[in-house]
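To start, the structure itself, in structure tokens.
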Amino acid sequence: MKIFFKVAKYFLALFLAIFFAFPLVFMVVSSLKPDFNLLQDTGTYRAFLPVGPISFDNYLGVFDRIPFFMFVMNSLIVATITTVLGLIVNSMMGFALARMSFKGKNFIFAVIISTLILPFEVMAIPLLYLMVNLPVLSFSGGPHFTKGLFNNYQVQIVPFIASAVSIFLFMQYFKTLPKELDEAARVDGASWFLIYRRIAMPLAGPAIGTVSILTFLPMWNSYIWPVMTVQDERYRPIMVGLQYFYVNFGTAWGQIMAYLTLLTVPVVILFLSMQRFFVNSIATTGVKG
Amino acid sequence: MATILQKRSHNSIRGGENKTAWGLAMPALALIISFIVLPVVVGLGLAFTNAQLLSPTAPEFTGLSNFSTLLGVSTTTLKAEKNPDGSFVKDDKGEIVYENLRDRTREGSKYPNLIGKSEVKRFGENKEEGTIKVLLAGDPSFWRSLTNTLFFALVVVPIQGGFALLLALLVNSKLKGRNFFRTIYFIPTVTSMVVISMLWRFIYQNDGLLNKSISNVDSGYRPIDWLSNPKTAMYAIIFMSIWQAVGYHMIIWLGGLQTIPAELYEAVRMDGATAWHEFRYVTLPGLRHTFVFILITITIAALGLFVQVSILTNGGPLDSTTTLVHQAFTKGYGRQQIGYGSSISFVFFALVLVISLIQRAVTRKLED
């Protein structure tokens, strides 16, 4: 009886693994096949095996159809800058909230908490309106103000730097550091900023890893906001590039699969190499939230 | 009390703290106020205007007009058209022909509360007297999106939460290769929703993976165009959404499971408890906090359903998959009616807030 349960459990686990993996296996395998074979193999076990005339033609087709590397660079620029700036401003705020006592702390804390459950969808439309009507200092042809912040990197970066969740995670982490650390440093005459930079941040490795992932991944995957604010191809991120395949939809599935694979593989590699941080990032938001 | 005493005794070494603390907090605070608080406040204001996205004229205050369009519902009774002999006019199928509704809903009609509204459905036909009632709404798509959103949340919250718990129990048990399984179950979560949606579009399409696979097993099967059929489209989106997100909540449950002390299990095992008793009296009570968190996060995420809809069906067919956020984007961005779109966002926010507050109140007992 016990053996039976063990075997059944193993089969269940295996079945679920297939259930979660099959679309992604299909994606990678199909990206290597010509459209004709791709469609012919659909519905048989061959759809999940790299059989038939296998080539990288679809990938070459993708590079032909769209400025792929420019899109990748755009996404990397946007995601990296947002992550780095986010780490700086959110950790500073988290440090102040966790380690210092000051007037207005409760007010700031209340603001952070109340934005914590606010879905981005609520403010996306008014934020778009603000961005379109925002006066922006422009330097081309002498400094002057122009209206509207869109079609550039800034509009994809600036609204997403500060994050209540990141502040919260840093705050929780800094609270776990022993109080004696900064008290000793204060006695030695260190400024608060020095304590933040030289003592707290170097110890904050796990929080930095967690917050980096929680910022970088959504930025890499971001779609709706750039669709609304970036019409200029030069600043277009990678996910929006998918729109190039909507034209003649249904004819170039091989290329679509190749593009989807190119979008997904880096993230999966990142995930596999930093799995601990990924799991931490979720487990901590769950336990502390 | 202890912290107050501590603060006092360290007053001397905590000089200049106010200034520095505000300096450290300022950048993030300014950004949060500019890009989160301000948009919410502005959105609230725009909801009472006729603001357009790219319009040279300034938005005008229109009071509750957006909300009365959005939430406005009326009924009216139509009379049958009569032949000269007093009998009712009937169409080819023998159905009674009624007055034209358009006469009541168009500009300048004698029914001011019906102007601009559209028919939702007809009901309560009285064939003897020749009358029929009509339900009208200012924005039928909005009502459809509201019921779709609530339906999605009602189905997804329990199934996804329960399925995630099952997965967590599985990979938390003594199972060879459980880290491997955990990794596989989690991978859809890190994959972009845009990628997932495109993949499932192929799976669901008429000659896609699903239909062809069923056809190969059952030769009599007539393919269903899952996403173009108003009866199946929402279920297709629900299935895919759970497939994508369940791994995330598995990890959260797992975090909860691992906080339950092993001694508790040992204690009940000593008392000869069965596996079910163990689960019922140790595992479940130990997961109370995780349960509340999962309930609230899945609900908020489910109510915000949008990306997959915009890629898979764009709300169709016949509004069968449109959601509140999809309506807000369609009106606010697609049709550039920022004011109207903001009023939908506002209703969405109110809904999220009310439901989370209710959930908080109901689950308070569990939180101790």
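Ligands are numbered from 1 in the order shown, residues from 1 within each chain, and chains are lettered A, B, ... in the order they appear in the structure tokens.
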DSSP alpha helix (DSSP H) residues within segment 50-171 of chain B, as a PyMOL selection string: chain B and resi 65-71+102-105+140-171
Output of the above residues as a CSV table (one decimal), in the first residue's frame, restricted to C-alpha atoms:
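Here's the written file selection13.csv:
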chain,number,residue,atom,x,y,z
B,65,SER,CA,-21.8,62.6,-16.1
B,66,ASN,CA,-19.1,59.8,-16.6
B,67,PHE,CA,-20.5,57.9,-13.7
B,68,SER,CA,-24.1,58.2,-14.8
B,69,THR,CA,-23.2,56.9,-18.2
B,70,LEU,CA,-21.1,54.1,-16.7
B,71,LEU,CA,-23.6,53.0,-14.0
B,102,ARG,CA,-34.2,54.0,-31.2
B,103,ASP,CA,-37.0,56.6,-31.1
B,104,ARG,CA,-36.6,56.7,-27.3
B,105,THR,CA,-32.8,56.5,-27.0
B,140,PRO,CA,-23.5,47.6,-21.5
B,141,SER,CA,-19.8,46.7,-22.1
B,142,PHE,CA,-19.0,48.0,-18.7
B,143,TRP,CA,-21.6,45.8,-17.0
B,144,ARG,CA,-20.3,42.8,-19.0
B,145,SER,CA,-16.8,43.6,-17.9
B,146,LEU,CA,-17.8,43.8,-14.3
B,147,THR,CA,-19.6,40.4,-14.3
B,148,ASN,CA,-16.7,38.9,-16.3
B,149,THR,CA,-14.1,40.2,-13.8
B,150,LEU,CA,-16.0,38.9,-10.8
B,151,PHE,CA,-16.6,35.6,-12.5
B,152,PHE,CA,-12.9,35.2,-13.3
B,153,ALA,CA,-12.0,36.0,-9.7
B,154,LEU,CA,-14.6,33.7,-8.2
B,155,VAL,CA,-13.3,30.8,-10.3
B,156,VAL,CA,-9.6,31.5,-10.2
B,157,VAL,CA,-9.1,32.4,-6.5
B,158,PRO,CA,-10.2,29.0,-5.1
B,159,ILE,CA,-8.8,26.8,-7.9
B,160,GLN,CA,-5.5,28.5,-8.1
B,161,GLY,CA,-5.1,28.7,-4.4
B,162,GLY,CA,-6.0,25.1,-3.9
B,163,PHE,CA,-3.9,23.8,-6.8
B,164,ALA,CA,-1.0,25.8,-5.5
B,165,LEU,CA,-1.3,24.2,-2.1
B,166,LEU,CA,-1.4,20.8,-3.6
B,167,LEU,CA,1.8,21.5,-5.5
B,168,ALA,CA,3.4,22.9,-2.4
B,169,LEU,CA,2.5,19.8,-0.4
B,170,LEU,CA,3.9,17.6,-3.2
B,171,VAL,CA,7.3,19.3,-3.5
Need to verify the contact set: Glu180 of chain A, 12 Å, only C-alpha atoms, exclusion of same-chain residues closer than 4 positions in sequence. Can you return it as a CSV table (one decimal) with C-alpha atoms, in the first residue's frame?
chain,number,residue,atom,x,y,z
A,99,ARG,CA,17.2,52.5,11.6
A,175,LYS,CA,15.6,45.9,10.9
A,176,THR,CA,17.3,42.5,11.3
A,184,ALA,CA,29.1,52.0,17.6
A,185,ALA,CA,29.7,53.8,14.3
A,186,ARG,CA,27.8,56.9,15.6
A,187,VAL,CA,30.0,57.0,18.7
A,195,ILE,CA,26.6,54.1,8.0
A,199,ILE,CA,27.9,49.3,6.9
B,6,GLN,CA,16.8,53.6,24.6
B,10,HIS,CA,21.2,57.8,22.9
Within 12 Å of segment 361-364 of chain B, counting only C-alpha atoms, which residues show up once you throw out same-chain ones fewer than 4 positions away? Write them as a list of chain:residue names, please.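 Within the cut-off, the hits are B:Arg288, B:His289, B:Thr290, B:Phe291, B:Val292, B:Phe293, B:Ile294, B:Leu295, B:Ile296, B:Val354, B:Ile355, B:Ser356, B:Leu357, B:Asp368.
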Any chance you can output those residues with N, CA and C atoms as a PDB file, in the first residue's frame?
ATOM      1  N   ARG B 288      -2.445  29.482   8.448  1.00  0.00           N
ATOM      2  CA  ARG B 288      -3.479  30.534   8.498  1.00  0.00           C
ATOM      3  C   ARG B 288      -3.031  31.840   7.878  1.00  0.00           C
ATOM      4  N   HIS B 289      -1.848  32.306   8.290  1.00  0.00           N
ATOM      5  CA  HIS B 289      -1.381  33.608   7.811  1.00  0.00           C
ATOM      6  C   HIS B 289      -1.123  33.564   6.309  1.00  0.00           C
ATOM      7  N   THR B 290      -0.496  32.453   5.881  1.00  0.00           N
ATOM      8  CA  THR B 290      -0.232  32.293   4.452  1.00  0.00           C
ATOM      9  C   THR B 290      -1.547  32.298   3.678  1.00  0.00           C
ATOM     10  N   PHE B 291      -2.551  31.631   4.246  1.00  0.00           N
ATOM     11  CA  PHE B 291      -3.849  31.572   3.578  1.00  0.00           C
ATOM     12  C   PHE B 291      -4.418  32.970   3.334  1.00  0.00           C
ATOM     13  N   VAL B 292      -4.370  33.801   4.362  1.00  0.00           N
ATOM     14  CA  VAL B 292      -4.926  35.154   4.227  1.00  0.00           C
ATOM     15  C   VAL B 292      -4.160  35.930   3.150  1.00  0.00           C
ATOM     16  N   PHE B 293      -2.826  35.804   3.204  1.00  0.00           N
ATOM     17  CA  PHE B 293      -2.016  36.520   2.222  1.00  0.00           C
ATOM     18  C   PHE B 293      -2.335  36.045   0.801  1.00  0.00           C
ATOM     19  N   ILE B 294      -2.411  34.730   0.619  1.00  0.00           N
ATOM     20  CA  ILE B 294      -2.675  34.172  -0.711  1.00  0.00           C
ATOM     21  C   ILE B 294      -4.051  34.593  -1.200  1.00  0.00           C
ATOM     22  N   LEU B 295      -5.028  34.515  -0.304  1.00  0.00           N
ATOM     23  CA  LEU B 295      -6.393  34.902  -0.675  1.00  0.00           C
ATOM     24  C   LEU B 295      -6.407  36.330  -1.218  1.00  0.00           C
ATOM     25  N   ILE B 296      -5.759  37.231  -0.490  1.00  0.00           N
ATOM     26  CA  ILE B 296      -5.831  38.640  -0.873  1.00  0.00           C
ATOM     27  C   ILE B 296      -5.006  38.916  -2.143  1.00  0.00           C
ATOM     28  N   VAL B 354     -12.849  47.493  -1.671  1.00  0.00           N
ATOM     29  CA  VAL B 354     -13.968  46.942  -0.897  1.00  0.00           C
ATOM     30  C   VAL B 354     -13.779  45.444  -0.693  1.00  0.00           C
ATOM     31  N   ILE B 355     -13.409  44.736  -1.763  1.00  0.00           N
ATOM     32  CA  ILE B 355     -13.261  43.287  -1.632  1.00  0.00           C
ATOM     33  C   ILE B 355     -12.107  42.947  -0.687  1.00  0.00           C
ATOM     34  N   SER B 356     -10.965  43.680  -0.797  1.00  0.00           N
ATOM     35  CA  SER B 356      -9.876  43.332   0.137  1.00  0.00           C
ATOM     36  C   SER B 356     -10.251  43.657   1.573  1.00  0.00           C
ATOM     37  N   LEU B 357     -11.007  44.745   1.779  1.00  0.00           N
ATOM     38  CA  LEU B 357     -11.408  45.075   3.150  1.00  0.00           C
ATOM     39  C   LEU B 357     -12.349  44.014   3.708  1.00  0.00           C
ATOM     40  N   ASP B 368      -5.557  36.078  14.493  1.00  0.00           N
ATOM     41  CA  ASP B 368      -5.390  36.261  15.942  1.00  0.00           C
ATOM     42  C   ASP B 368      -5.306  37.742  16.304  1.00  0.00           C
TER      43      ASP B 368
END
Sorted by chain and rising residue number, which residues of chain A lie within 7 Å of chain B, and what are their closest atom pairs and distances in Å to one decimal, counting only C-alpha atoms, as JSON lines?
{"residue": "A:Ala13", "atom": "CA", "partner": "B:Phe181", "partner_atom": "CA", "distance": 6.9}
{"residue": "A:Ala17", "atom": "CA", "partner": "B:Ile184", "partner_atom": "CA", "distance": 6.0}
{"residue": "A:Phe20", "atom": "CA", "partner": "B:Tyr185", "partner_atom": "CA", "distance": 5.8}
{"residue": "A:Ala21", "atom": "CA", "partner": "B:Ile184", "partner_atom": "CA", "distance": 6.6}
{"residue": "A:Pro23", "atom": "CA", "partner": "B:Leu199", "partner_atom": "CA", "distance": 6.9}
{"residue": "A:Thr42", "atom": "CA", "partner": "B:Leu209", "partner_atom": "CA", "distance": 5.5}
{"residue": "A:Gly43", "atom": "CA", "partner": "B:Ser213", "partner_atom": "CA", "distance": 4.0}
{"residue": "A:Thr44", "atom": "CA", "partner": "B:Ser213", "partner_atom": "CA", "distance": 6.5}
{"residue": "A:Val89", "atom": "CA", "partner": "B:Ala28", "partner_atom": "CA", "distance": 5.2}
{"residue": "A:Asn90", "atom": "CA", "partner": "B:Ala28", "partner_atom": "CA", "distance": 6.0}
{"residue": "A:Met92", "atom": "CA", "partner": "B:Leu24", "partner_atom": "CA", "distance": 5.1}
{"residue": "A:Met93", "atom": "CA", "partner": "B:Ala25", "partner_atom": "CA", "distance": 4.2}
{"residue": "A:Ala96", "atom": "CA", "partner": "B:Ala21", "partner_atom": "CA", "distance": 5.2}
{"residue": "A:Met100", "atom": "CA", "partner": "B:Ala21", "partner_atom": "CA", "distance": 6.7}
{"residue": "A:Phe102", "atom": "CA", "partner": "B:Asn18", "partner_atom": "CA", "distance": 4.8}
{"residue": "A:Lys103", "atom": "CA", "partner": "B:Asn18", "partner_atom": "CA", "distance": 6.4}
{"residue": "A:Glu121", "atom": "CA", "partner": "B:Val325", "partner_atom": "CA", "distance": 6.7}
{"residue": "A:Val122", "atom": "CA", "partner": "B:Ser345", "partner_atom": "CA", "distance": 5.2}
{"residue": "A:Met123", "atom": "CA", "partner": "B:Val40", "partner_atom": "CA", "distance": 5.5}
{"residue": "A:Ile125", "atom": "CA", "partner": "B:Gly332", "partner_atom": "CA", "distance": 6.3}
{"residue": "A:Pro126", "atom": "CA", "partner": "B:Gly43", "partner_atom": "CA", "distance": 4.9}
{"residue": "A:Leu127", "atom": "CA", "partner": "B:Pro39", "partner_atom": "CA", "distance": 5.1}
{"residue": "A:Tyr129", "atom": "CA", "partner": "B:Leu53", "partner_atom": "CA", "distance": 6.2}
{"residue": "A:Pro159", "atom": "CA", "partner": "B:Phe35", "partner_atom": "CA", "distance": 5.4}
{"residue": "A:Ala162", "atom": "CA", "partner": "B:Ala28", "partner_atom": "CA", "distance": 5.3}
{"residue": "A:Arg186", "atom": "CA", "partner": "B:Ile13", "partner_atom": "CA", "distance": 6.1}
{"residue": "A:Val187", "atom": "CA", "partner": "B:Ile13", "partner_atom": "CA", "distance": 6.4}
{"residue": "A:Trp192", "atom": "CA", "partner": "B:Thr20", "partner_atom": "CA", "distance": 6.8}
{"residue": "A:Asn221", "atom": "CA", "partner": "B:Ser192", "partner_atom": "CA", "distance": 5.3}
{"residue": "A:Leu260", "atom": "CA", "partner": "B:Val195", "partner_atom": "CA", "distance": 5.8}
{"residue": "A:Thr264", "atom": "CA", "partner": "B:Thr191", "partner_atom": "CA", "distance": 6.1}
{"residue": "A:Val279", "atom": "CA", "partner": "B:Ile251", "partner_atom": "CA", "distance": 6.7}
{"residue": "A:Ile282", "atom": "CA", "partner": "B:Ile252", "partner_atom": "CA", "distance": 6.4}
{"residue": "A:Ala283", "atom": "CA", "partner": "B:Ile252", "partner_atom": "CA", "distance": 5.2}
{"residue": "A:Gly286", "atom": "CA", "partner": "B:Ile252", "partner_atom": "CA", "distance": 5.6}
{"residue": "A:Val287", "atom": "CA", "partner": "B:Thr290", "partner_atom": "CA", "distance": 6.9}
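The shell of residues at most 10 Å from Leu49 of chain A, with only C-alpha atoms counted and near chain neighbours (fewer than 5 positions) removed, consists of Val25, Phe26, Val28, Val29, Ser30, Asp41 and Thr44 of chain A.
Using only C-alpha atoms, the residues found no farther than 10 Å from Leu60 of chain A, other than those of its own chain fewer than 4 positions away, are Ser55, Phe56, Asp64, Arg65, Gln255 and Ala258 of chain A.
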Need to verify the contact set: Asp232 of chain A, 12 Å, only C-alpha atoms, exclusion of same-chain residues closer than 2 positions in sequence. Can you return it as a ChimeraX atom specification? /A:71,74,150-153,226-230,234-237,240-241
Write out the residues from the selection above, keeping C-alpha atoms, as a PDB file, in the first residue's frame.
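As a result, result26.pdb now contains:
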ATOM      1  CA  PHE A  71      15.195  45.966 -28.990  1.00  0.00           C
ATOM      2  CA  ASN A  74      16.606  48.972 -25.246  1.00  0.00           C
ATOM      3  CA  PHE A 150       7.089  59.885 -24.246  1.00  0.00           C
ATOM      4  CA  ASN A 151       8.994  58.094 -26.991  1.00  0.00           C
ATOM      5  CA  ASN A 152      12.175  57.847 -24.957  1.00  0.00           C
ATOM      6  CA  TYR A 153      13.861  55.804 -22.247  1.00  0.00           C
ATOM      7  CA  PRO A 226       5.664  50.799 -23.532  1.00  0.00           C
ATOM      8  CA  VAL A 227       2.880  49.989 -25.993  1.00  0.00           C
ATOM      9  CA  MET A 228       1.134  53.158 -24.813  1.00  0.00           C
ATOM     10  CA  THR A 229       4.114  55.467 -24.466  1.00  0.00           C
ATOM     11  CA  VAL A 230       6.703  54.414 -27.058  1.00  0.00           C
ATOM     12  CA  ARG A 234      14.493  53.419 -31.554  1.00  0.00           C
ATOM     13  CA  TYR A 235      13.278  53.143 -27.948  1.00  0.00           C
ATOM     14  CA  ARG A 236      11.007  50.152 -28.325  1.00  0.00           C
ATOM     15  CA  PRO A 237      11.585  47.311 -25.845  1.00  0.00           C
ATOM     16  CA  VAL A 240       6.581  45.194 -27.866  1.00  0.00           C
ATOM     17  CA  GLY A 241       8.580  43.808 -30.800  1.00  0.00           C
TER      18      GLY A 241
END
In Å to one decimal, how far is atom CA of Pro34 of chain A from atom CA of Ile54 of chain A?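 Here the two named atoms are 7.7 Å from each other.
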